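S.K.: What follows is the file structure31.pdb, containing PDB, C-alpha atoms:
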```
ATOM      1  CA  MET C   1      20.947 -15.164 -30.918
ATOM      2  CA  SER C   2      17.334 -15.667 -29.918
ATOM      3  CA  ALA C   3      14.875 -12.808 -29.495
ATOM      4  CA  ALA C   4      15.342 -10.516 -26.520
ATOM      5  CA  VAL C   5      13.474 -11.437 -23.369
ATOM      6  CA  LEU C   6      11.597  -8.775 -21.486
ATOM      7  CA  THR C   7       8.503  -9.705 -19.506
ATOM      8  CA  PHE C   8       7.072  -7.496 -16.822
ATOM      9  CA  VAL C   9       4.608  -8.471 -14.090
ATOM     10  CA  ILE C  10       2.971  -6.600 -11.228
ATOM     11  CA  VAL C  11       1.991  -8.771  -8.303
ATOM     12  CA  GLY C  12      -0.568  -7.105  -6.059
ATOM     13  CA  GLN C  13      -0.701  -6.804  -2.291
ATOM     14  CA  GLN C  14      -2.458 -10.112  -1.966
ATOM     15  CA  ASP C  15      -0.255 -12.089  -4.324
ATOM     16  CA  HIS C  16      -2.500 -11.772  -7.382
ATOM     17  CA  PRO C  17      -0.773 -11.040 -10.663
ATOM     18  CA  ILE C  18      -2.576  -7.842 -11.595
ATOM     19  CA  TYR C  19      -0.695  -6.830 -14.714
ATOM     20  CA  GLU C  20       1.406  -8.732 -17.203
ATOM     21  CA  VAL C  21       3.068  -7.626 -20.383
ATOM     22  CA  ASP C  22       5.559  -9.128 -22.791
ATOM     23  CA  LEU C  23       7.532  -6.126 -23.948
ATOM     24  CA  THR C  24       9.282  -7.806 -26.849
ATOM     25  CA  GLY C  25       6.309  -9.119 -28.745
ATOM     26  CA  PRO C  26       4.765 -12.575 -29.049
ATOM     27  CA  LYS C  27       6.825 -15.696 -28.531
ATOM     28  CA  GLU C  28       6.241 -19.361 -29.064
ATOM     29  CA  GLN C  29       4.172 -20.964 -26.352
ATOM     30  CA  GLN C  30       6.967 -23.068 -24.948
ATOM     31  CA  ALA C  31       9.044 -19.995 -24.154
ATOM     32  CA  GLN C  32       6.049 -18.196 -22.677
ATOM     33  CA  TYR C  33       5.402 -20.997 -20.243
ATOM     34  CA  LEU C  34       9.013 -21.104 -19.217
ATOM     35  CA  HIS C  35       9.081 -17.369 -18.600
ATOM     36  CA  GLN C  36       5.950 -17.462 -16.486
ATOM     37  CA  PHE C  37       7.334 -20.342 -14.520
ATOM     38  CA  VAL C  38      10.617 -18.588 -13.813
ATOM     39  CA  LEU C  39       8.803 -15.413 -12.775
ATOM     40  CA  HIS C  40       6.506 -17.237 -10.390
ATOM     41  CA  ALA C  41       9.356 -19.193  -8.910
ATOM     42  CA  ALA C  42      11.193 -15.933  -8.267
ATOM     43  CA  LEU C  43       8.432 -14.728  -5.945
ATOM     44  CA  ASP C  44       9.870 -16.819  -3.124
ATOM     45  CA  ALA C  45      13.230 -15.187  -3.598
ATOM     46  CA  VAL C  46      11.537 -11.769  -3.524
ATOM     47  CA  ASP C  47       9.809 -12.632  -0.276
ATOM     48  CA  GLU C  48      13.148 -13.411   1.240
ATOM     49  CA  ALA C  49      15.009 -10.441  -0.143
ATOM     50  CA  MET C  50      12.396  -7.817   0.660
ATOM     51  CA  TRP C  51      12.689  -8.146   4.434
ATOM     52  CA  ALA C  52      16.435  -7.791   4.511
ATOM     53  CA  THR C  53      16.567  -4.276   3.107
ATOM     54  CA  LYS C  54      14.731  -0.976   3.169
ATOM     55  CA  GLU C  55      15.478  -0.304  -0.475
ATOM     56  CA  LEU C  56      12.604  -0.621  -2.906
ATOM     57  CA  TYR C  57      14.785  -1.936  -5.694
ATOM     58  CA  LEU C  58      15.949  -5.437  -4.869
ATOM     59  CA  LYS C  59      18.256  -5.897  -7.865
ATOM     60  CA  THR C  60      18.404  -9.357  -9.414
ATOM     61  CA  VAL C  61      16.709 -11.771  -7.069
ATOM     62  CA  ASP C  62      16.736 -14.961  -9.090
ATOM     63  CA  ARG C  63      18.165 -16.455 -12.262
ATOM     64  CA  PHE C  64      17.603 -19.467 -14.425
ATOM     65  CA  ASN C  65      20.186 -20.239 -17.096
ATOM     66  CA  ASN C  66      20.434 -16.905 -18.893
ATOM     67  CA  LEU C  67      17.135 -15.525 -17.627
ATOM     68  CA  PHE C  68      17.331 -12.936 -14.858
ATOM     69  CA  VAL C  69      14.545 -11.725 -12.600
ATOM     70  CA  SER C  70      14.872  -8.234 -11.165
ATOM     71  CA  ALA C  71      12.404  -7.124  -8.523
ATOM     72  CA  PHE C  72      11.068  -3.990  -6.942
ATOM     73  CA  ALA C  73       8.899  -4.058  -3.811
ATOM     74  CA  THR C  74       6.712  -1.066  -3.032
ATOM     75  CA  PRO C  75       6.102   0.154   0.533
ATOM     76  CA  GLY C  76       2.467  -0.846   0.084
ATOM     77  CA  GLY C  77       3.195  -4.488  -0.548
ATOM     78  CA  ALA C  78       3.037  -4.740  -4.331
ATOM     79  CA  ARG C  79       5.911  -6.309  -6.215
ATOM     80  CA  LEU C  80       7.120  -5.466  -9.677
ATOM     81  CA  LEU C  81       9.058  -8.195 -11.457
ATOM     82  CA  LEU C  82      11.008  -7.962 -14.668
ATOM     83  CA  LEU C  83      12.307 -10.988 -16.502
ATOM     84  CA  HIS C  84      15.225 -10.123 -18.749
ATOM     85  CA  ASP C  85      18.405 -11.490 -20.261
ATOM     86  CA  GLY C  86      20.978  -9.436 -18.427
ATOM     87  CA  ARG C  87      20.167  -5.736 -18.734
ATOM     88  CA  GLY C  88      22.073  -2.980 -17.017
ATOM     89  CA  ASP C  89      21.065  -2.220 -13.445
ATOM     90  CA  ASP C  90      20.498   1.483 -14.095
ATOM     91  CA  GLY C  91      17.987   0.977 -16.880
ATOM     92  CA  VAL C  92      16.010  -1.563 -14.896
ATOM     93  CA  ARG C  93      15.999   0.682 -11.840
ATOM     94  CA  ALA C  94      14.753   3.634 -13.874
ATOM     95  CA  PHE C  95      12.063   1.498 -15.473
ATOM     96  CA  PHE C  96      10.799   0.294 -12.096
ATOM     97  CA  GLY C  97      10.812   3.852 -10.781
ATOM     98  CA  GLU C  98       8.595   5.042 -13.603
ATOM     99  CA  VAL C  99       6.171   2.153 -13.423
ATOM    100  CA  TYR C 100       5.980   2.531  -9.638
ATOM    101  CA  GLU C 101       4.670   6.062 -10.085
ATOM    102  CA  LEU C 102       2.104   4.873 -12.595
ATOM    103  CA  TYR C 103       1.070   2.081 -10.268
ATOM    104  CA  ILE C 104       0.485   4.485  -7.352
ATOM    105  CA  ARG C 105      -1.952   6.446  -9.466
ATOM    106  CA  VAL C 106      -3.880   3.336 -10.387
ATOM    107  CA  MET C 107      -4.043   1.958  -6.861
ATOM    108  CA  LEU C 108      -5.270   5.280  -5.475
ATOM    109  CA  ASN C 109      -8.400   4.816  -7.544
ATOM    110  CA  PRO C 110     -11.124   3.910  -5.049
ATOM    111  CA  PHE C 111     -12.548   1.379  -7.455
ATOM    112  CA  HIS C 112      -9.282  -0.467  -7.685
ATOM    113  CA  THR C 113      -8.894  -3.324  -5.207
ATOM    114  CA  PRO C 114      -5.646  -5.144  -4.436
ATOM    115  CA  SER C 115      -6.710  -7.992  -6.714
ATOM    116  CA  THR C 116      -8.167  -6.020  -9.625
ATOM    117  CA  LYS C 117      -6.378  -6.580 -12.896
ATOM    118  CA  ILE C 118      -5.055  -3.397 -14.436
ATOM    119  CA  VAL C 119      -6.630  -3.248 -17.881
ATOM    120  CA  SER C 120      -6.242   0.464 -18.586
ATOM    121  CA  LYS C 121      -4.954   1.007 -22.114
ATOM    122  CA  THR C 122      -3.278   4.213 -21.069
ATOM    123  CA  PHE C 123      -1.419   2.415 -18.313
ATOM    124  CA  ASP C 124      -0.304  -0.242 -20.760
ATOM    125  CA  HIS C 125       0.808   2.380 -23.222
ATOM    126  CA  ARG C 126       2.781   4.271 -20.586
ATOM    127  CA  VAL C 127       4.496   1.122 -19.379
ATOM    128  CA  ARG C 128       5.591   0.320 -22.928
ATOM    129  CA  MET C 129       6.843   3.882 -23.399
ATOM    130  CA  ALA C 130       8.796   3.684 -20.169
ATOM    131  CA  ALA C 131      10.325   0.412 -21.270
ATOM    132  CA  LYS C 132      11.314   1.864 -24.608
ATOM    133  CA  ARG C 133      12.913   4.875 -22.968
ATOM    134  CA  THR C 134      14.780   3.140 -20.186
ATOM    135  CA  LEU C 135      15.495  -0.315 -21.535
ATOM    136  CA  GLY C 136      16.030   0.603 -25.136
TER     137      GLY C 136
ATOM    138  CA  MET Z   1       2.268  15.616 -24.015
ATOM    139  CA  LEU Z   2      -0.498  13.206 -24.811
ATOM    140  CA  GLY Z   3       0.441  10.695 -27.449
ATOM    141  CA  ALA Z   4      -1.948   9.661 -30.178
ATOM    142  CA  GLY Z   5      -4.379   7.041 -29.004
ATOM    143  CA  ALA Z   6      -3.456   7.657 -25.406
ATOM    144  CA  ARG Z   7      -6.651   9.445 -24.459
ATOM    145  CA  PRO Z   8      -9.782   7.400 -24.311
ATOM    146  CA  ASN Z   9     -11.713  10.389 -23.015
ATOM    147  CA  ARG Z  10     -11.200  13.887 -24.330
ATOM    148  CA  HIS Z  11     -12.726  15.644 -21.364
ATOM    149  CA  ALA Z  12     -11.261  13.889 -18.379
ATOM    150  CA  VAL Z  13      -7.578  13.479 -17.626
ATOM    151  CA  ASN Z  14      -6.802   9.805 -17.350
ATOM    152  CA  ILE Z  15      -5.836   8.735 -13.867
ATOM    153  CA  VAL Z  16      -2.442   7.601 -15.105
ATOM    154  CA  GLU Z  17      -1.678  11.097 -16.342
ATOM    155  CA  ARG Z  18      -2.633  12.980 -13.216
ATOM    156  CA  PRO Z  19       0.079  14.507 -11.084
ATOM    157  CA  ILE Z  20       0.702  13.159  -7.590
ATOM    158  CA  PRO Z  21       1.368  16.073  -5.257
ATOM    159  CA  LYS Z  22       4.674  15.266  -3.674
ATOM    160  CA  THR Z  23       5.480  17.997  -1.178
ATOM    161  CA  ARG Z  24       3.497  18.891   1.873
ATOM    162  CA  ALA Z  25       2.676  22.366   0.635
ATOM    163  CA  GLU Z  26       0.993  21.006  -2.463
ATOM    164  CA  VAL Z  27      -1.262  18.662  -0.552
ATOM    165  CA  SER Z  28      -4.597  20.313  -0.082
ATOM    166  CA  THR Z  29      -6.579  20.085   3.124
ATOM    167  CA  VAL Z  30     -10.300  19.756   3.555
ATOM    168  CA  ALA Z  31     -12.422  22.098   5.633
ATOM    169  CA  PHE Z  32     -13.275  20.529   8.950
ATOM    170  CA  SER Z  33     -16.984  21.262   8.537
ATOM    171  CA  ALA Z  34     -17.060  19.455   5.208
ATOM    172  CA  TYR Z  35     -15.262  16.530   6.719
ATOM    173  CA  ALA Z  36     -17.570  16.420   9.769
ATOM    174  CA  TYR Z  37     -20.598  16.387   7.507
ATOM    175  CA  LEU Z  38     -19.216  13.579   5.383
ATOM    176  CA  PHE Z  39     -18.257  11.538   8.406
ATOM    177  CA  SER Z  40     -21.666  11.940  10.026
ATOM    178  CA  GLU Z  41     -23.248  10.752   6.786
ATOM    179  CA  LEU Z  42     -20.886   7.807   6.721
ATOM    180  CA  ILE Z  43     -21.843   6.844  10.261
ATOM    181  CA  SER Z  44     -25.555   7.085   9.616
ATOM    182  CA  TYR Z  45     -25.114   5.085   6.418
ATOM    183  CA  ALA Z  46     -23.346   2.378   8.383
ATOM    184  CA  MET Z  47     -25.894   2.579  11.203
ATOM    185  CA  ASP Z  48     -28.781   1.974   8.820
ATOM    186  CA  ARG Z  49     -27.161  -1.210   7.653
ATOM    187  CA  ALA Z  50     -25.779  -2.583  10.868
ATOM    188  CA  ALA Z  51     -27.732  -4.777  13.251
ATOM    189  CA  SER Z  52     -25.436  -4.279  16.202
ATOM    190  CA  ILE Z  53     -22.826  -1.910  17.547
ATOM    191  CA  THR Z  54     -20.095  -4.422  16.741
ATOM    192  CA  GLU Z  55     -21.270  -4.599  13.155
ATOM    193  CA  LEU Z  56     -21.387  -0.815  12.951
ATOM    194  CA  GLU Z  57     -17.806  -0.647  14.115
ATOM    195  CA  GLU Z  58     -16.823  -3.355  11.676
ATOM    196  CA  ARG Z  59     -18.316  -1.374   8.823
ATOM    197  CA  LEU Z  60     -16.361   1.719   9.779
ATOM    198  CA  ASP Z  61     -13.259  -0.408  10.186
ATOM    199  CA  LYS Z  62     -13.654  -1.738   6.643
ATOM    200  CA  VAL Z  63     -13.894   1.761   5.215
ATOM    201  CA  GLY Z  64     -10.796   2.741   7.160
ATOM    202  CA  TYR Z  65      -8.944  -0.324   5.938
ATOM    203  CA  GLU Z  66      -9.383   0.735   2.319
ATOM    204  CA  VAL Z  67      -8.060   4.174   3.183
ATOM    205  CA  GLY Z  68      -5.136   2.690   5.072
ATOM    206  CA  THR Z  69      -3.851   0.432   2.325
ATOM    207  CA  ARG Z  70      -3.734   3.359  -0.075
ATOM    208  CA  MET Z  71      -2.239   5.755   2.440
ATOM    209  CA  MET Z  72       0.695   3.460   3.093
ATOM    210  CA  GLU Z  73       1.712   3.574  -0.544
ATOM    211  CA  LEU Z  74       1.032   7.262  -1.044
ATOM    212  CA  LEU Z  75       2.643   8.598   2.134
ATOM    213  CA  SER Z  76       5.718   6.443   1.684
ATOM    214  CA  TYR Z  77       6.085   7.860  -1.791
ATOM    215  CA  ARG Z  78       5.853  11.382  -0.402
ATOM    216  CA  GLU Z  79       8.736  10.891   1.994
ATOM    217  CA  LYS Z  80      12.071  12.453   1.159
ATOM    218  CA  THR Z  81      13.639   9.149   0.324
ATOM    219  CA  VAL Z  82      11.211   6.383  -0.415
ATOM    220  CA  ARG Z  83      11.914   3.425   1.843
ATOM    221  CA  ARG Z  84      10.067   0.336   2.803
ATOM    222  CA  LYS Z  85       9.638  -0.499   6.450
ATOM    223  CA  PRO Z  86      10.644  -4.051   7.201
ATOM    224  CA  GLU Z  87      10.756  -3.497  10.972
ATOM    225  CA  VAL Z  88       7.816  -3.426  13.344
ATOM    226  CA  LEU Z  89       9.023  -0.254  15.051
ATOM    227  CA  ASP Z  90       9.678   1.556  11.777
ATOM    228  CA  VAL Z  91       6.164   1.044  10.547
ATOM    229  CA  LEU Z  92       4.589   1.991  13.870
ATOM    230  CA  LYS Z  93       6.667   5.154  14.075
ATOM    231  CA  PHE Z  94       5.654   5.942  10.515
ATOM    232  CA  ILE Z  95       2.000   5.688  11.483
ATOM    233  CA  HIS Z  96       2.554   7.725  14.623
ATOM    234  CA  SER Z  97       4.558  10.573  13.156
ATOM    235  CA  THR Z  98       3.803  10.627   9.415
ATOM    236  CA  ALA Z  99       0.325   9.250   8.902
ATOM    237  CA  TRP Z 100      -1.187  10.985  11.924
ATOM    238  CA  PRO Z 101      -0.061  14.485  10.888
ATOM    239  CA  PHE Z 102      -1.357  13.797   7.396
ATOM    240  CA  LEU Z 103      -4.759  12.752   8.743
ATOM    241  CA  PHE Z 104      -5.201  14.975  11.760
ATOM    242  CA  GLY Z 105      -2.563  17.679  11.563
ATOM    243  CA  LYS Z 106      -0.574  16.462  14.561
ATOM    244  CA  PRO Z 107       1.296  13.335  15.615
ATOM    245  CA  ALA Z 108      -0.494  10.825  17.810
ATOM    246  CA  ASN Z 109      -0.104  11.512  21.510
ATOM    247  CA  ASP Z 110       1.413   8.242  22.451
ATOM    248  CA  LEU Z 111       2.897   5.092  21.008
ATOM    249  CA  GLN Z 112       3.872   2.400  23.429
ATOM    250  CA  GLN Z 113       4.407  -1.273  23.802
ATOM    251  CA  ALA Z 114       2.020  -3.192  26.013
ATOM    252  CA  ASN Z 115       3.560  -4.377  29.256
ATOM    253  CA  ALA Z 116       2.300  -7.897  29.157
ATOM    254  CA  ALA Z 117       3.011  -8.958  25.578
ATOM    255  CA  ASP Z 118       5.700  -7.973  23.111
ATOM    256  CA  ASP Z 119       3.429  -8.393  20.103
ATOM    257  CA  GLU Z 120       1.038  -5.712  21.333
ATOM    258  CA  TYR Z 121       1.430  -2.000  20.814
ATOM    259  CA  MET Z 122      -0.831   0.891  21.626
ATOM    260  CA  ILE Z 123      -1.323   4.124  19.767
ATOM    261  CA  SER Z 124      -3.322   6.654  21.716
ATOM    262  CA  ASP Z 125      -4.710  10.048  21.033
ATOM    263  CA  HIS Z 126      -6.288  12.296  23.632
ATOM    264  CA  ASP Z 127      -8.675  14.008  21.304
ATOM    265  CA  LEU Z 128      -9.168  12.066  18.117
ATOM    266  CA  LEU Z 129     -10.533  14.285  15.390
ATOM    267  CA  VAL Z 130     -13.150  11.765  14.300
ATOM    268  CA  GLY Z 131     -14.725  11.768  17.760
ATOM    269  CA  ARG Z 132     -15.286  15.483  17.897
ATOM    270  CA  TYR Z 133     -18.915  16.565  17.428
ATOM    271  CA  ILE Z 134     -20.109  13.040  18.002
ATOM    272  CA  SER Z 135     -22.226  12.488  21.050
ATOM    273  CA  VAL Z 136     -22.898   8.846  21.598
ATOM    274  CA  PRO Z 137     -26.433   8.145  22.824
ATOM    275  CA  ARG Z 138     -26.858   5.868  25.805
ATOM    276  CA  SER Z 139     -28.206   3.015  23.675
ATOM    277  CA  TYR Z 140     -24.900   3.053  21.774
ATOM    278  CA  ALA Z 141     -22.769   3.464  24.874
ATOM    279  CA  THR Z 142     -19.996   1.110  23.776
ATOM    280  CA  PHE Z 143     -19.665   2.571  20.287
ATOM    281  CA  VAL Z 144     -16.281   4.127  19.533
ATOM    282  CA  PRO Z 145     -16.108   6.341  16.433
ATOM    283  CA  GLY Z 146     -12.364   5.719  16.449
ATOM    284  CA  SER Z 147     -12.997   2.349  14.810
ATOM    285  CA  ILE Z 148     -12.486   3.990  11.448
ATOM    286  CA  VAL Z 149      -9.023   5.046  12.562
ATOM    287  CA  ALA Z 150      -8.394   1.550  13.872
ATOM    288  CA  GLY Z 151      -9.301   0.374  10.369
ATOM    289  CA  ILE Z 152      -6.880   2.847   8.789
ATOM    290  CA  VAL Z 153      -4.095   1.613  11.047
ATOM    291  CA  ARG Z 154      -4.945  -1.990  10.254
ATOM    292  CA  GLY Z 155      -4.938  -1.220   6.536
ATOM    293  CA  MET Z 156      -1.574   0.501   6.714
ATOM    294  CA  LEU Z 157      -0.022  -2.350   8.679
ATOM    295  CA  ASP Z 158      -1.474  -4.925   6.333
ATOM    296  CA  ALA Z 159      -0.184  -3.113   3.262
ATOM    297  CA  ALA Z 160       3.267  -2.878   4.787
ATOM    298  CA  GLY Z 161       3.246  -6.625   5.374
ATOM    299  CA  PHE Z 162       2.392  -6.676   9.073
ATOM    300  CA  PRO Z 163      -1.022  -8.253   9.389
ATOM    301  CA  ALA Z 164      -2.455  -7.432  12.804
ATOM    302  CA  HIS Z 165      -5.643  -8.177  14.615
ATOM    303  CA  ARG Z 166      -8.228  -5.493  14.708
ATOM    304  CA  GLY Z 167      -7.570  -3.920  18.068
ATOM    305  CA  GLY Z 168     -10.517  -1.578  18.014
ATOM    306  CA  GLY Z 169     -10.537   1.730  19.774
ATOM    307  CA  GLY Z 170     -10.715   1.280  23.500
ATOM    308  CA  GLY Z 171     -10.773   4.196  25.821
ATOM    309  CA  GLY Z 172     -13.460   6.149  27.521
ATOM    310  CA  GLY Z 173     -16.262   7.448  25.374
ATOM    311  CA  GLY Z 174     -18.240   8.666  28.336
ATOM    312  CA  ALA Z 175     -15.317   9.146  30.665
ATOM    313  CA  PRO Z 176     -14.133  12.687  31.380
ATOM    314  CA  GLN Z 177     -11.076  12.298  29.190
ATOM    315  CA  LYS Z 178     -11.815  11.547  25.553
ATOM    316  CA  SER Z 179      -8.723   9.527  24.976
ATOM    317  CA  THR Z 180      -8.811   6.828  22.323
ATOM    318  CA  THR Z 181      -6.384   3.943  22.335
ATOM    319  CA  ILE Z 182      -5.848   1.675  19.379
ATOM    320  CA  LEU Z 183      -4.484  -1.684  20.351
ATOM    321  CA  VAL Z 184      -2.357  -3.364  17.718
ATOM    322  CA  LYS Z 185      -1.740  -7.061  18.121
ATOM    323  CA  PHE Z 186       0.503  -8.512  15.445
ATOM    324  CA  GLU Z 187      -0.087 -11.963  14.105
ATOM    325  CA  ALA Z 188       2.277 -14.697  15.197
ATOM    326  CA  ALA Z 189       3.879 -14.896  11.745
ATOM    327  CA  VAL Z 190       4.966 -11.264  11.971
ATOM    328  CA  MET Z 191       6.718 -11.757  15.279
ATOM    329  CA  ALA Z 192       8.366 -14.936  14.026
ATOM    330  CA  ARG Z 193       9.701 -13.084  10.995
ATOM    331  CA  GLN Z 194      10.923 -10.215  13.134
ATOM    332  CA  ALA Z 195      12.789 -12.650  15.385
ATOM    333  CA  ALA Z 196      14.326 -14.397  12.379
ATOM    334  CA  LEU Z 197      15.486 -11.048  10.978
ATOM    335  CA  GLU Z 198      17.147 -10.089  14.232
ATOM    336  CA  ASN Z 199      18.850 -13.453  14.439
ATOM    337  CA  ALA Z 200      20.134 -13.111  10.899
ATOM    338  CA  ARG Z 201      21.523  -9.679  11.667
ATOM    339  CA  ARG Z 202      23.362 -10.906  14.710
ATOM    340  CA  GLY Z 203      24.894 -13.534  12.478
TER     341      GLY Z 203
END
```
Starting from the coordinates I provided, produce the structure as structure tokens.

M.R.:
Amino acid sequence: MSAAVLTFVIVGQQDHPIYEVDLTGPKEQQAQYLHQFVLHAALDAVDEAMWATKELYLKTVDRFNNLFVSAFATPGGARLLLLHDGRGDDGVRAFFGEVYELYIRVMLNPFHTPSTKIVSKTFDHRVRMAAKRTLG
Amino acid sequence: MLGAGARPNRHAVNIVERPIPKTRAEVSTVAFSAYAYLFSELISYAMDRAASITELEERLDKVGYEVGTRMMELLSYREKTVRRKPEVLDVLKFIHSTAWPFLFGKPANDLQQANAADDEYMISDHDLLVGRYISVPRSYATFVPGSIVAGIVRGMLDAAGFPAHRGGGGGGGGAPQKSTTILVKFEAAVMARQAALENARRG
């Protein structure tokens, strides 16, 4: 079996990708491109799904072969996307919940704008910890 | 609690580690005098840099917009169950009865739909806190300090996915009643989406 797939992206209020992390370590370029492509393509599906429900967690919005994209839309218009290979719903939901709280803190910073990339090392570290805890 | 390597600065708590007060009781309030001082400074700052009354209002609106986008996220998170607001009425009610108490300690006096157009709504307040202690000189007669609140509303709507035109605060500055009305006019795309949603629900 190939290496596990777990890529996480935050798309800001104005459709800028503001944070991206590959949680399972470096991959060959070909795979990276594919993953990015699938994630970006899923944004359309998120746009459709997010207006049909009041829930933040949108479950799996899109899939490509054995790649799944789960999404989480915040009330303030940011979207969290996770590309994975079929994880349990509960773990993904918990992961989004934790990252959402971290994201609120960052966006409350007056120097953060909707299109600023999140480069904080602490944020990165906390996201990885959350992933380890909830997604194993 | 802090892991090794997780603290770039020993003295300050990193923003990611700070608590977000969740319940109403934990949220601190600011003395009105302190606020009034800050706001008067903000207005004179904007006045120094604005060539016209419209530009002055635009500057205040921009400041409010920044506040609004953040408030939408924060106040939604503070609700009992965190929900997004995909409906026009939901988000307006949220502004009227959640955001207003957070900002001014009371809900807005009125929220209504304009008679003539169904994409226009009005939020009015008889005595907007930001207008207190501000006497508008005759040379600034058309200036409405409520523009900052109009900006907050615009920011909140924008963050929630309902871009709207800047309505500006109408209402009588010099009139006997100090009522301020914020006119919200949604963009055509918002109304189209709302209609599509309703159609989909009806099946």

S.K.: Go through the shown structure with the PyMOL selection byres ((chain C and resi 124-129) around 9) and write out the matching residues as an MDAnalysis selection string.

M.R.: (chainID C and resid 19 21 23 95 98:99 102 118:123 130:134) or (chainID Z and resid 6 16)

S.K.: Define the interface residues of chain Z facing chain C as those within 6 Å, counting only C-alpha atoms, and report them as number ranges by chain.

M.R.: Z: 6, 16, 70, 72-73, 83-84, 86, 159-160

S.K.: Let me make sure I understand: among C:Ala45, C:Val11, C:Leu6, C:Leu80, which one has the smallest atom-to-atom distance to Gln32 (chain C) if we use only C-alpha atoms?

M.R.: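 Residue with the minimum atom-to-atom distance to Gln32 (chain C): C:Leu6.
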
S.K.: Would you place a box with edges along x, y and z of the file around all atoms of region 87-106 of chain Z listed there, add 4 Å to each of its six sides, and report the centre and edge lengths in Å to one decimal, as JSON?

M.R.:
```
{"center_x": 2.8, "center_y": 7.1, "center_z": 11.2, "size_x": 24.0, "size_y": 29.2, "size_z": 15.7}
```

S.K.: In Å, with one decimal, what is the gap from CA of Gly12 (chain C) to CA of Glu87 (chain Z)?

M.R.: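 Result for CA of Gly12 (chain C) versus CA of Glu87 (chain Z): 20.8 Å, one decimal.
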
S.K.: In Å, rounded to a single decimal, give me how far CA of Arg132 (chain Z) is from CA of Ala36 (chain Z).

M.R.: 8.5 Å

S.K.: Kindly resolve the PyMOL selection byres ((chain Z and resi 68) around 8) on the present coordinates and return the residues as a PDB file with C-alpha atoms, keeping the file's coordinate frame.

M.R.:
```pdb
ATOM      1  CA  GLY Z  64     -10.796   2.741   7.160  1.00  0.00           C
ATOM      2  CA  TYR Z  65      -8.944  -0.324   5.938  1.00  0.00           C
ATOM      3  CA  GLU Z  66      -9.383   0.735   2.319  1.00  0.00           C
ATOM      4  CA  VAL Z  67      -8.060   4.174   3.183  1.00  0.00           C
ATOM      5  CA  THR Z  69      -3.851   0.432   2.325  1.00  0.00           C
ATOM      6  CA  ARG Z  70      -3.734   3.359  -0.075  1.00  0.00           C
ATOM      7  CA  MET Z  71      -2.239   5.755   2.440  1.00  0.00           C
ATOM      8  CA  MET Z  72       0.695   3.460   3.093  1.00  0.00           C
ATOM      9  CA  GLY Z 151      -9.301   0.374  10.369  1.00  0.00           C
ATOM     10  CA  ILE Z 152      -6.880   2.847   8.789  1.00  0.00           C
ATOM     11  CA  VAL Z 153      -4.095   1.613  11.047  1.00  0.00           C
ATOM     12  CA  ARG Z 154      -4.945  -1.990  10.254  1.00  0.00           C
ATOM     13  CA  GLY Z 155      -4.938  -1.220   6.536  1.00  0.00           C
ATOM     14  CA  MET Z 156      -1.574   0.501   6.714  1.00  0.00           C
ATOM     15  CA  ALA Z 159      -0.184  -3.113   3.262  1.00  0.00           C
TER      16      ALA Z 159
END
```

S.K.: Apply the PyMOL selection byres ((chain Z and resi 124-130) around 7) to the file shown and report the selected residues as a list in words.

M.R.: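 Applied to this file, the PyMOL selection byres ((chain Z and resi 124-130) around 7) selects Phe104, Ala108, Asn109, Asp110, Leu111, Met122, Ile123, Gly131, Arg132, Pro145, Gly146, Lys178, Ser179, Thr180, Thr181 and Ile182 of chain Z.
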
S.K.: For region 184-196 of chain Z, list every protein, DNA or RNA residue within 7 Å, evaluated using only C-alpha atoms, and leave out those in the same chain fewer than 5 positions away; present the list as number ranges by chain.

M.R.: Z: 119-122, 162-167

S.K.: To one decimal place in Å, what is the distance between CA of Leu83 (chain C) and CA of Ser70 (chain C)?

M.R.: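 CA of Ser70 (chain C) lies at a distance of 6.5 Å from CA of Leu83 (chain C).
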
S.K.: So which residues touch Asp89 (chain C) within 8 Å, counting all atoms listed in the file, skipping near sequence neighbours fewer than 3 positions away, as number ranges by chain?

M.R.: C: 59, 92-93

S.K.: Of the residues C:Asp15, C:Thr24, C:Leu43, C:Thr7, which is the one nearest to Leu67 (chain C), using all atoms listed in the file?

M.R.: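 Of the candidates, the smallest distance to Leu67 (chain C) is held by C:Thr7.
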
S.K.: From the options C:His35, C:Asp47, C:Ala41, C:Gln30, which residue's atoms come nearest to Phe8 (chain C), counting all atoms listed in the file?

M.R.: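 Answer, going by the shortest atom-to-atom distance: C:His35.
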
S.K.: For a cutoff of 10 Å around the file-coordinate point (16.5, -21.2, -16.4), which residues qualify once you count all atoms listed in the file? I'd like the result as JSON, numbers by chain.

M.R.: {"C": [34, 35, 37, 38, 62, 63, 64, 65, 66, 67, 68]}

S.K.: Restricting the output to C-alpha atoms, write the selected residues as a JSON list (two decimals), in the frame of the given file.

M.R.:
```
[["chain", "number", "residue", "atom", "x", "y", "z"],
["C", 34, "LEU", "CA", 9.01, -21.10, -19.22],
["C", 35, "HIS", "CA", 9.08, -17.37, -18.60],
["C", 37, "PHE", "CA", 7.33, -20.34, -14.52],
["C", 38, "VAL", "CA", 10.62, -18.59, -13.81],
["C", 62, "ASP", "CA", 16.74, -14.96, -9.09],
["C", 63, "ARG", "CA", 18.16, -16.45, -12.26],
["C", 64, "PHE", "CA", 17.60, -19.47, -14.42],
["C", 65, "ASN", "CA", 20.19, -20.24, -17.10],
["C", 66, "ASN", "CA", 20.43, -16.90, -18.89],
["C", 67, "LEU", "CA", 17.14, -15.52, -17.63],
["C", 68, "PHE", "CA", 17.33, -12.94, -14.86]]
```

S.K.: Pick out the closest residue to Arg78 (chain Z) from this set: Z:Val144, Z:Ala114, Z:Val136, Z:Ala99. Count only C-alpha atoms.

M.R.: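 Among Z:Val144, Z:Ala114, Z:Val136, Z:Ala99, it is Z:Ala99 that comes nearest to Arg78 (chain Z).
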